[in-house]
$ cat model.pdb   # PDB, C-alpha atoms, pLDDT in the B column
ATOM      1  CA  MET M  16      -6.754   1.801   0.007  1.00 74.00           C
ATOM      2  CA  LYS M  17      -6.145  -1.580   1.592  1.00 86.00           C
ATOM      3  CA  LEU M  18      -8.851  -3.952   2.705  1.00 90.00           C
ATOM      4  CA  LYS M  19      -8.332  -7.152   4.651  1.00 92.00           C
ATOM      5  CA  VAL M  20     -10.164 -10.075   3.100  1.00 94.00           C
ATOM      6  CA  ILE M  21     -10.570 -13.343   4.981  1.00 94.00           C
ATOM      7  CA  ALA M  22     -10.746 -16.312   2.620  1.00 94.00           C
ATOM      8  CA  HIS M  23     -12.158 -19.636   3.799  1.00 95.00           C
ATOM      9  CA  GLU M  24     -12.292 -23.064   2.223  1.00 95.00           C
ATOM     10  CA  ALA M  25     -15.938 -24.089   1.976  1.00 93.00           C
ATOM     11  CA  GLU M  26     -16.909 -27.465   3.438  1.00 92.00           C
ATOM     12  CA  GLU M  27     -18.781 -28.348   0.235  1.00 93.00           C
ATOM     13  CA  GLY M  28     -15.808 -27.354  -1.926  1.00 95.00           C
ATOM     14  CA  GLY M  29     -14.635 -24.067  -3.320  1.00 95.00           C
ATOM     15  CA  PHE M  30     -13.987 -20.935  -1.292  1.00 96.00           C
ATOM     16  CA  TRP M  31     -15.833 -18.069   0.332  1.00 95.00           C
ATOM     17  CA  ALA M  32     -14.532 -14.727   1.571  1.00 95.00           C
ATOM     18  CA  GLU M  33     -15.614 -11.866   3.778  1.00 94.00           C
ATOM     19  CA  VAL M  34     -14.448  -8.281   4.234  1.00 93.00           C
ATOM     20  CA  PRO M  35     -14.665  -7.541   7.979  1.00 93.00           C
ATOM     21  CA  SER M  36     -14.437  -3.764   7.502  1.00 92.00           C
ATOM     22  CA  ILE M  37     -17.563  -3.779   5.277  1.00 91.00           C
ATOM     23  CA  PRO M  38     -20.432  -5.486   7.137  1.00 90.00           C
ATOM     24  CA  GLY M  39     -22.302  -7.923   4.920  1.00 90.00           C
ATOM     25  CA  CYS M  40     -19.655  -7.924   2.198  1.00 93.00           C
ATOM     26  CA  ALA M  41     -18.984 -11.553   1.282  1.00 94.00           C
ATOM     27  CA  THR M  42     -18.761 -13.745  -1.808  1.00 95.00           C
ATOM     28  CA  GLN M  43     -17.759 -17.220  -2.992  1.00 96.00           C
ATOM     29  CA  GLY M  44     -16.026 -18.973  -5.866  1.00 96.00           C
ATOM     30  CA  GLU M  45     -15.383 -22.483  -7.095  1.00 96.00           C
ATOM     31  CA  THR M  46     -11.647 -21.727  -7.423  1.00 95.00           C
ATOM     32  CA  PHE M  47      -9.392 -19.307  -5.573  1.00 94.00           C
ATOM     33  CA  GLU M  48      -8.971 -17.259  -8.769  1.00 94.00           C
ATOM     34  CA  GLU M  49     -12.748 -17.004  -9.179  1.00 96.00           C
ATOM     35  CA  LEU M  50     -13.026 -15.965  -5.528  1.00 94.00           C
ATOM     36  CA  LEU M  51     -10.553 -13.103  -6.073  1.00 92.00           C
ATOM     37  CA  LYS M  52     -12.494 -11.910  -9.128  1.00 94.00           C
ATOM     38  CA  ASN M  53     -15.753 -12.083  -7.206  1.00 95.00           C
ATOM     39  CA  ILE M  54     -14.404 -10.220  -4.175  1.00 94.00           C
ATOM     40  CA  TYR M  55     -13.630  -7.193  -6.374  1.00 92.00           C
ATOM     41  CA  GLU M  56     -17.236  -7.161  -7.547  1.00 92.00           C
ATOM     42  CA  ALA M  57     -18.557  -7.658  -4.003  1.00 93.00           C
ATOM     43  CA  VAL M  58     -16.497  -4.762  -2.604  1.00 91.00           C
ATOM     44  CA  GLU M  59     -17.491  -2.511  -5.489  1.00 89.00           C
ATOM     45  CA  GLY M  60     -21.152  -3.385  -4.984  1.00 88.00           C
ATOM     46  CA  CYS M  61     -20.987  -2.846  -1.233  1.00 89.00           C
ATOM     47  CA  LEU M  62     -19.336   0.554  -1.655  1.00 86.00           C
ATOM     48  CA  SER M  63     -21.610   1.770  -4.475  1.00 82.00           C
ATOM     49  CA  VAL M  64     -24.307   4.109  -3.253  1.00 63.00           C
ATOM     50  CA  ASP M  65     -27.154   5.650  -5.222  1.00 57.00           C
ATOM     51  CA  ILE M  66     -27.682   9.272  -4.287  1.00 57.00           C
ATOM     52  CA  LYS M  67     -30.170  11.921  -5.323  1.00 61.00           C
ATOM     53  CA  PRO M  68     -28.857  14.464  -7.805  1.00 59.00           C
ATOM     54  CA  THR M  69     -27.848  17.688  -6.131  1.00 58.00           C
ATOM     55  CA  ASP M  70     -29.788  20.888  -6.598  1.00 63.00           C
ATOM     56  CA  PRO M  71     -28.377  22.474  -9.795  1.00 63.00           C
ATOM     57  CA  MET M  72     -28.574  25.870  -8.067  1.00 63.00           C
ATOM     58  CA  ASP M  73     -26.266  24.674  -5.254  1.00 63.00           C
ATOM     59  CA  THR M  74     -22.829  25.524  -6.653  1.00 66.00           C
ATOM     60  CA  LYS M  75     -20.977  24.266  -3.546  1.00 69.00           C
ATOM     61  CA  ALA M  76     -22.305  20.692  -3.680  1.00 63.00           C
ATOM     62  CA  ARG M  77     -20.331  17.948  -5.415  1.00 62.00           C
ATOM     63  CA  VAL M  78     -21.180  14.383  -6.316  1.00 56.00           C
ATOM     64  CA  LEU M  79     -18.143  12.108  -6.174  1.00 58.00           C
ATOM     65  CA  GLU M  80     -17.913   8.498  -7.319  1.00 55.00           C
ATOM     66  CA  ILE M  81     -15.327   6.598  -5.292  1.00 53.00           C
ATOM     67  CA  ALA M  82     -16.269   2.929  -5.723  1.00 49.00           C
ATOM     68  CA  GLY M  83     -14.056   0.877  -8.014  1.00 52.00           C
ATOM     69  CA  ARG M  84     -11.086  -1.402  -8.083  1.00 51.00           C
ATOM     70  CA  ALA M  85      -8.736  -0.269  -5.378  1.00 49.00           C
ATOM     71  CA  PHE M  86      -5.822  -2.486  -6.365  1.00 46.00           C
ATOM     72  CA  PRO M  87      -4.942  -4.583  -9.406  1.00 47.00           C
ATOM     73  CA  GLU M  88      -5.491  -8.348  -9.291  1.00 49.00           C
ATOM     74  CA  LYS M  89      -1.782  -9.074  -9.625  1.00 45.00           C
ATOM     75  CA  ASN M  90      -1.210  -7.450  -6.239  1.00 46.00           C
ATOM     76  CA  TRP M  91      -3.076 -10.073  -4.210  1.00 49.00           C
ATOM     77  CA  ARG M  92      -1.120 -12.324  -1.903  1.00 51.00           C
ATOM     78  CA  GLU M  93      -2.075 -14.915   0.642  1.00 49.00           C
ATOM     79  CA  CYS M  94      -0.799 -14.087   4.127  1.00 50.00           C
ATOM     80  CA  SER M  95       0.608 -16.628   6.557  1.00 47.00           C
ATOM     81  CA  ASN M  96      -2.483 -16.342   8.776  1.00 48.00           C
ATOM     82  CA  GLY M  97      -4.733 -17.420   5.877  1.00 50.00           C
ATOM     83  CA  THR M  98      -6.057 -13.981   4.972  1.00 50.00           C
ATOM     84  CA  VAL M  99      -5.734 -12.420   1.543  1.00 52.00           C
ATOM     85  CA  ASP M 100      -4.158  -9.004   1.375  1.00 50.00           C
ATOM     86  CA  GLY M 101      -3.934  -6.424  -1.373  1.00 47.00           C
ATOM     87  CA  TYR M 102      -0.696  -4.457  -1.465  1.00 40.00           C
TER      88      TYR M 102
END
$ encode --input "model.pdb" --output "structure tokens"
Amino acid sequence: MKLKVIAHEAEEGGFWAEVPSIPGCATQGETFEELLKNIYEAVEGCLSVDIKPTDPMDTKARVLEIAGRAFPEKNWRECSNGTVDGY
């Protein structure tokens, strides 16, 4: 799974980032490294969903947990257009 992350330099210092494919998913950091750490947590939080337990008598229903780290930190790179891309 790849997600485009747009990283910005904040006017007051530090950085902030947004994930256009996940509305409302944004974070900030004092350093670029802190920003990358925080974006993992922001994506995980935005994709986490609490659901009701399924009826134990319904044998066809499944509860799947899919939120988590999609790519390791070492695979981040800054693209020429200023975005950050996981590969």
$ atom_distance --input "model.pdb" --atom1 "CA of Met16 in chain M" --atom2 "CA of Gly29 in chain M"
27.2 Å
$ atom_distance --input "model.pdb" --atom1 "CA of Thr46 in chain M" --atom2 "CA of Leu62 in chain M"
24.3 Å
$ resolve_selection --input "model.pdb" --expression "the PyMOL selection byres ((chain M and resi 41) around 8)" --output "list in words"
Trp31, Ala32, Glu33, Val34, Gly39, Cys40, Thr42, Gln43, Ile54 and Ala57 of chain M
$ atom_distance --input "model.pdb" --atom1 "CA of Glu27 in chain M" --atom2 "CA of Lys52 in chain M"
19.9 Å
$ residues_around --input "model.pdb" --residues "Phe30 in chain M" --least-positions-apart "2" --cutoff "6 Å" --atoms "all atoms listed in the file" --output "list in words"
His23, Glu24, Ala25, Gln43 and Gly44 of chain M
